[in-house]
Structure formats: C-alpha cells, structure tokens
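Student: Structure incoming, see below.
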Amino acid sequence: MSGLAGARWRKSSYSGGANNCVELAVVGTRIAIRDSKCPEQPVLVLSRARVRAFITGIRER
C-alpha cells in the first residue's frame, strides 16, 4: 500500500521496552499494523471496522 513511508507508527502504552509488540498507524481511512521487531516486513492494512471487530474479539476471550 502506498503512503506507508510517511506513516506515524504508535505502540501501545502497555507495551514493555523489549520491542516485542505491534505498532499501528492511521493511513487515510485504514489502519496499518506491523510487527515492531521487524518493521521492514509486510504490513497488515485493515478498515477501522475490521480493527474494532478484532479488538472486540480479543476482549471477549
């Protein structure tokens, strides 16, 4: 997806200093997700609705 070069990546305030978490960036109307350990690897890009559904599913477990 184009536009990731200027993305502002954020880590959760709950992540530790070991750099083993995911990072999120808002890219237009979508959310990009990457592994903080391997930022050069492919990025998952989802709609906001899909990210909400994913987080809701995690919380319900």
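Numbering starts fresh at 1 for the residues of each chain in the structure tokens, the chains themselves are lettered A, B, ... in the order given, and ligands are numbered from 1 as they appear.
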Which polymer residues have any atom within 12 Å of an atom of region 5-14 of chain A, counting only C-alpha atoms, with same-chain residues fewer than 5 positions away left out, as a tab-separated table (two decimals) with C-alpha atoms, in the first residue's frame?
Tutor:
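Everything below was put into out-v4.tsv:
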```tsv
chain	number	residue	atom	x	y	z
A	19	ASN	CA	10.24	-4.07	21.48
A	20	ASN	CA	8.02	-7.14	21.11
A	21	CYS	CA	4.66	-5.68	20.24
A	22	VAL	CA	2.67	-4.45	17.29
A	23	GLU	CA	2.55	-0.90	16.05
A	24	LEU	CA	-0.42	0.88	14.48
A	25	ALA	CA	-0.60	3.78	12.04
A	26	VAL	CA	-3.60	5.59	10.61
A	27	VAL	CA	-3.29	5.66	6.83
A	28	GLY	CA	-6.19	7.53	5.29
A	30	ARG	CA	-7.46	2.46	7.17
A	31	ILE	CA	-5.27	1.19	9.99
A	32	ALA	CA	-1.86	-0.30	9.23
A	33	ILE	CA	-0.43	-2.88	11.64
A	34	ARG	CA	3.17	-4.11	11.78
A	35	ASP	CA	5.50	-6.12	14.00
A	36	SER	CA	7.74	-3.74	15.95
A	37	LYS	CA	10.62	-6.26	15.84
A	39	PRO	CA	9.21	-3.15	10.68
A	40	GLU	CA	10.58	-3.94	7.21
A	43	VAL	CA	2.22	-4.70	6.85
```
Student: List the spatial neighbours of Arg48 (chain A) as a PDB file with all heavy atoms, in the first residue's frame - criterion: any atom at most 8 Å away, only C-alpha atoms, same-chain residues fewer than 2 positions off excluded.
Tutor:
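Below you can see selection.pdb, which holds the result:
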```pdb
ATOM      1  N   THR A  29      -8.179   6.191   5.530  1.00  0.00           N
ATOM      2  CA  THR A  29      -9.336   5.634   6.238  1.00  0.00           C
ATOM      3  C   THR A  29      -9.049   4.248   6.807  1.00  0.00           C
ATOM      4  O   THR A  29      -9.940   3.594   7.320  1.00  0.00           O
ATOM      5  CB  THR A  29     -10.549   5.540   5.301  1.00  0.00           C
ATOM      6  OG1 THR A  29     -10.214   4.661   4.217  1.00  0.00           O
ATOM      7  CG2 THR A  29     -10.948   6.902   4.771  1.00  0.00           C
ATOM      8  N   ARG A  30      -7.822   3.803   6.725  1.00  0.00           N
ATOM      9  CA  ARG A  30      -7.456   2.456   7.166  1.00  0.00           C
ATOM     10  C   ARG A  30      -6.429   2.496   8.287  1.00  0.00           C
ATOM     11  O   ARG A  30      -5.828   3.517   8.560  1.00  0.00           O
ATOM     12  CB  ARG A  30      -6.908   1.653   5.994  1.00  0.00           C
ATOM     13  CG  ARG A  30      -7.936   1.526   4.884  1.00  0.00           C
ATOM     14  CD  ARG A  30      -7.563   0.429   3.940  1.00  0.00           C
ATOM     15  NE  ARG A  30      -8.584   0.183   2.967  1.00  0.00           N
ATOM     16  CZ  ARG A  30      -9.604  -0.642   3.141  1.00  0.00           C
ATOM     17  NH1 ARG A  30      -9.760  -1.288   4.253  1.00  0.00           N
ATOM     18  NH2 ARG A  30     -10.485  -0.822   2.190  1.00  0.00           N
ATOM     19  N   ILE A  31      -6.243   1.342   8.919  1.00  0.00           N
ATOM     20  CA  ILE A  31      -5.266   1.190   9.991  1.00  0.00           C
ATOM     21  C   ILE A  31      -4.215   0.185   9.517  1.00  0.00           C
ATOM     22  O   ILE A  31      -4.553  -0.919   9.102  1.00  0.00           O
ATOM     23  CB  ILE A  31      -5.923   0.660  11.287  1.00  0.00           C
ATOM     24  CG1 ILE A  31      -7.087   1.548  11.718  1.00  0.00           C
ATOM     25  CG2 ILE A  31      -4.878   0.508  12.390  1.00  0.00           C
ATOM     26  CD1 ILE A  31      -6.715   2.938  12.136  1.00  0.00           C
ATOM     27  N   LEU A  46      -6.030  -2.791   7.454  1.00  0.00           N
ATOM     28  CA  LEU A  46      -7.438  -3.133   7.649  1.00  0.00           C
ATOM     29  C   LEU A  46      -8.293  -1.880   7.752  1.00  0.00           C
ATOM     30  O   LEU A  46      -7.803  -0.809   8.114  1.00  0.00           O
ATOM     31  CB  LEU A  46      -7.607  -3.930   8.954  1.00  0.00           C
ATOM     32  CG  LEU A  46      -6.818  -5.222   9.086  1.00  0.00           C
ATOM     33  CD1 LEU A  46      -6.913  -5.745  10.513  1.00  0.00           C
ATOM     34  CD2 LEU A  46      -7.330  -6.253   8.106  1.00  0.00           C
ATOM     35  N   ARG A  50     -12.859  -3.433  10.781  1.00  0.00           N
ATOM     36  CA  ARG A  50     -12.198  -4.733  10.982  1.00  0.00           C
ATOM     37  C   ARG A  50     -11.298  -4.709  12.215  1.00  0.00           C
ATOM     38  O   ARG A  50     -11.229  -5.678  12.953  1.00  0.00           O
ATOM     39  CB  ARG A  50     -11.373  -5.115   9.758  1.00  0.00           C
ATOM     40  CG  ARG A  50     -12.179  -5.336   8.530  1.00  0.00           C
ATOM     41  CD  ARG A  50     -12.682  -6.736   8.505  1.00  0.00           C
ATOM     42  NE  ARG A  50     -13.389  -6.936   7.233  1.00  0.00           N
ATOM     43  CZ  ARG A  50     -14.083  -7.988   6.967  1.00  0.00           C
ATOM     44  NH1 ARG A  50     -14.165  -8.961   7.830  1.00  0.00           N
ATOM     45  NH2 ARG A  50     -14.708  -8.094   5.826  1.00  0.00           N
ATOM     46  N   VAL A  51     -10.606  -3.602  12.430  1.00  0.00           N
ATOM     47  CA  VAL A  51      -9.747  -3.480  13.618  1.00  0.00           C
ATOM     48  C   VAL A  51     -10.611  -3.506  14.873  1.00  0.00           C
ATOM     49  O   VAL A  51     -10.292  -4.190  15.847  1.00  0.00           O
ATOM     50  CB  VAL A  51      -8.878  -2.205  13.561  1.00  0.00           C
ATOM     51  CG1 VAL A  51      -8.138  -1.983  14.869  1.00  0.00           C
ATOM     52  CG2 VAL A  51      -7.887  -2.296  12.410  1.00  0.00           C
ATOM     53  N   ARG A  52     -11.743  -2.781  14.868  1.00  0.00           N
ATOM     54  CA  ARG A  52     -12.651  -2.789  16.021  1.00  0.00           C
ATOM     55  C   ARG A  52     -13.161  -4.197  16.301  1.00  0.00           C
ATOM     56  O   ARG A  52     -13.206  -4.639  17.443  1.00  0.00           O
ATOM     57  CB  ARG A  52     -13.822  -1.844  15.791  1.00  0.00           C
ATOM     58  CG  ARG A  52     -13.545  -0.429  16.223  1.00  0.00           C
ATOM     59  CD  ARG A  52     -14.783   0.404  16.366  1.00  0.00           C
ATOM     60  NE  ARG A  52     -15.530   0.896  15.270  1.00  0.00           N
ATOM     61  CZ  ARG A  52     -15.159   1.567  14.168  1.00  0.00           C
ATOM     62  NH1 ARG A  52     -14.082   1.797  13.915  1.00  0.00           N
ATOM     63  NH2 ARG A  52     -15.890   1.999  13.266  1.00  0.00           N
TER      64      ARG A  52
END
```
Student: Apply DSSP to the backbone of this structure and, from region 4-55 of chain A, keep only the residues in helix (DSSP H, G or I); write these as a ChimeraX atom specification.
Tutor: /A:48-55
Student: Could you take the residues named above and write them with all heavy atoms, as an mmCIF file, in the first residue's frame?
Tutor:
```cif
data_model
loop_
_atom_site.group_PDB
_atom_site.id
_atom_site.type_symbol
_atom_site.label_atom_id
_atom_site.label_comp_id
_atom_site.auth_asym_id
_atom_site.auth_seq_id
_atom_site.Cartn_x
_atom_site.Cartn_y
_atom_site.Cartn_z
ATOM 1 N N ARG A 48 -11.116 0.396 9.639
ATOM 2 C CA ARG A 48 -11.343 0.667 11.066
ATOM 3 C C ARG A 48 -12.344 -0.322 11.651
ATOM 4 O O ARG A 48 -12.197 -0.782 12.776
ATOM 5 C CB ARG A 48 -11.831 2.095 11.267
ATOM 6 C CG ARG A 48 -10.771 3.127 10.971
ATOM 7 C CD ARG A 48 -11.363 4.538 11.061
ATOM 8 N NE ARG A 48 -10.391 5.531 10.677
ATOM 9 C CZ ARG A 48 -9.651 6.221 11.537
ATOM 10 N NH1 ARG A 48 -9.791 6.035 12.819
ATOM 11 N NH2 ARG A 48 -8.787 7.107 11.102
ATOM 12 N N ALA A 49 -13.366 -0.666 10.886
ATOM 13 C CA ALA A 49 -14.380 -1.607 11.363
ATOM 14 C C ALA A 49 -13.764 -2.982 11.634
ATOM 15 O O ALA A 49 -14.081 -3.627 12.638
ATOM 16 C CB ALA A 49 -15.513 -1.728 10.348
ATOM 17 N N ARG A 50 -12.859 -3.433 10.781
ATOM 18 C CA ARG A 50 -12.198 -4.733 10.982
ATOM 19 C C ARG A 50 -11.298 -4.709 12.215
ATOM 20 O O ARG A 50 -11.229 -5.678 12.953
ATOM 21 C CB ARG A 50 -11.373 -5.115 9.758
ATOM 22 C CG ARG A 50 -12.179 -5.336 8.530
ATOM 23 C CD ARG A 50 -12.682 -6.736 8.505
ATOM 24 N NE ARG A 50 -13.389 -6.936 7.233
ATOM 25 C CZ ARG A 50 -14.083 -7.988 6.967
ATOM 26 N NH1 ARG A 50 -14.165 -8.961 7.830
ATOM 27 N NH2 ARG A 50 -14.708 -8.094 5.826
ATOM 28 N N VAL A 51 -10.606 -3.602 12.430
ATOM 29 C CA VAL A 51 -9.747 -3.480 13.618
ATOM 30 C C VAL A 51 -10.611 -3.506 14.873
ATOM 31 O O VAL A 51 -10.292 -4.190 15.847
ATOM 32 C CB VAL A 51 -8.878 -2.205 13.561
ATOM 33 C CG1 VAL A 51 -8.138 -1.983 14.869
ATOM 34 C CG2 VAL A 51 -7.887 -2.296 12.410
ATOM 35 N N ARG A 52 -11.743 -2.781 14.868
ATOM 36 C CA ARG A 52 -12.651 -2.789 16.021
ATOM 37 C C ARG A 52 -13.161 -4.197 16.301
ATOM 38 O O ARG A 52 -13.206 -4.639 17.443
ATOM 39 C CB ARG A 52 -13.822 -1.844 15.791
ATOM 40 C CG ARG A 52 -13.545 -0.429 16.223
ATOM 41 C CD ARG A 52 -14.783 0.404 16.366
ATOM 42 N NE ARG A 52 -15.530 0.896 15.270
ATOM 43 C CZ ARG A 52 -15.159 1.567 14.168
ATOM 44 N NH1 ARG A 52 -14.082 1.797 13.915
ATOM 45 N NH2 ARG A 52 -15.890 1.999 13.266
ATOM 46 N N ALA A 53 -13.550 -4.912 15.254
ATOM 47 C CA ALA A 53 -14.044 -6.283 15.419
ATOM 48 C C ALA A 53 -12.958 -7.179 15.978
ATOM 49 O O ALA A 53 -13.224 -8.021 16.851
ATOM 50 C CB ALA A 53 -14.555 -6.820 14.078
ATOM 51 N N PHE A 54 -11.735 -7.020 15.517
ATOM 52 C CA PHE A 54 -10.620 -7.807 16.012
ATOM 53 C C PHE A 54 -10.382 -7.545 17.493
ATOM 54 O O PHE A 54 -10.274 -8.469 18.300
ATOM 55 C CB PHE A 54 -9.360 -7.472 15.199
ATOM 56 C CG PHE A 54 -8.120 -8.150 15.688
ATOM 57 C CD1 PHE A 54 -7.945 -9.513 15.500
ATOM 58 C CD2 PHE A 54 -7.130 -7.426 16.310
ATOM 59 C CE1 PHE A 54 -6.790 -10.136 15.938
ATOM 60 C CE2 PHE A 54 -5.976 -8.051 16.751
ATOM 61 C CZ PHE A 54 -5.807 -9.412 16.563
ATOM 62 N N ILE A 55 -10.346 -6.289 17.881
ATOM 63 C CA ILE A 55 -10.121 -5.928 19.295
ATOM 64 C C ILE A 55 -11.272 -6.417 20.165
ATOM 65 O O ILE A 55 -11.065 -6.942 21.259
ATOM 66 C CB ILE A 55 -9.894 -4.422 19.440
ATOM 67 C CG1 ILE A 55 -8.557 -4.051 18.778
ATOM 68 C CG2 ILE A 55 -9.919 -3.986 20.894
ATOM 69 C CD1 ILE A 55 -8.303 -2.577 18.639
#
```
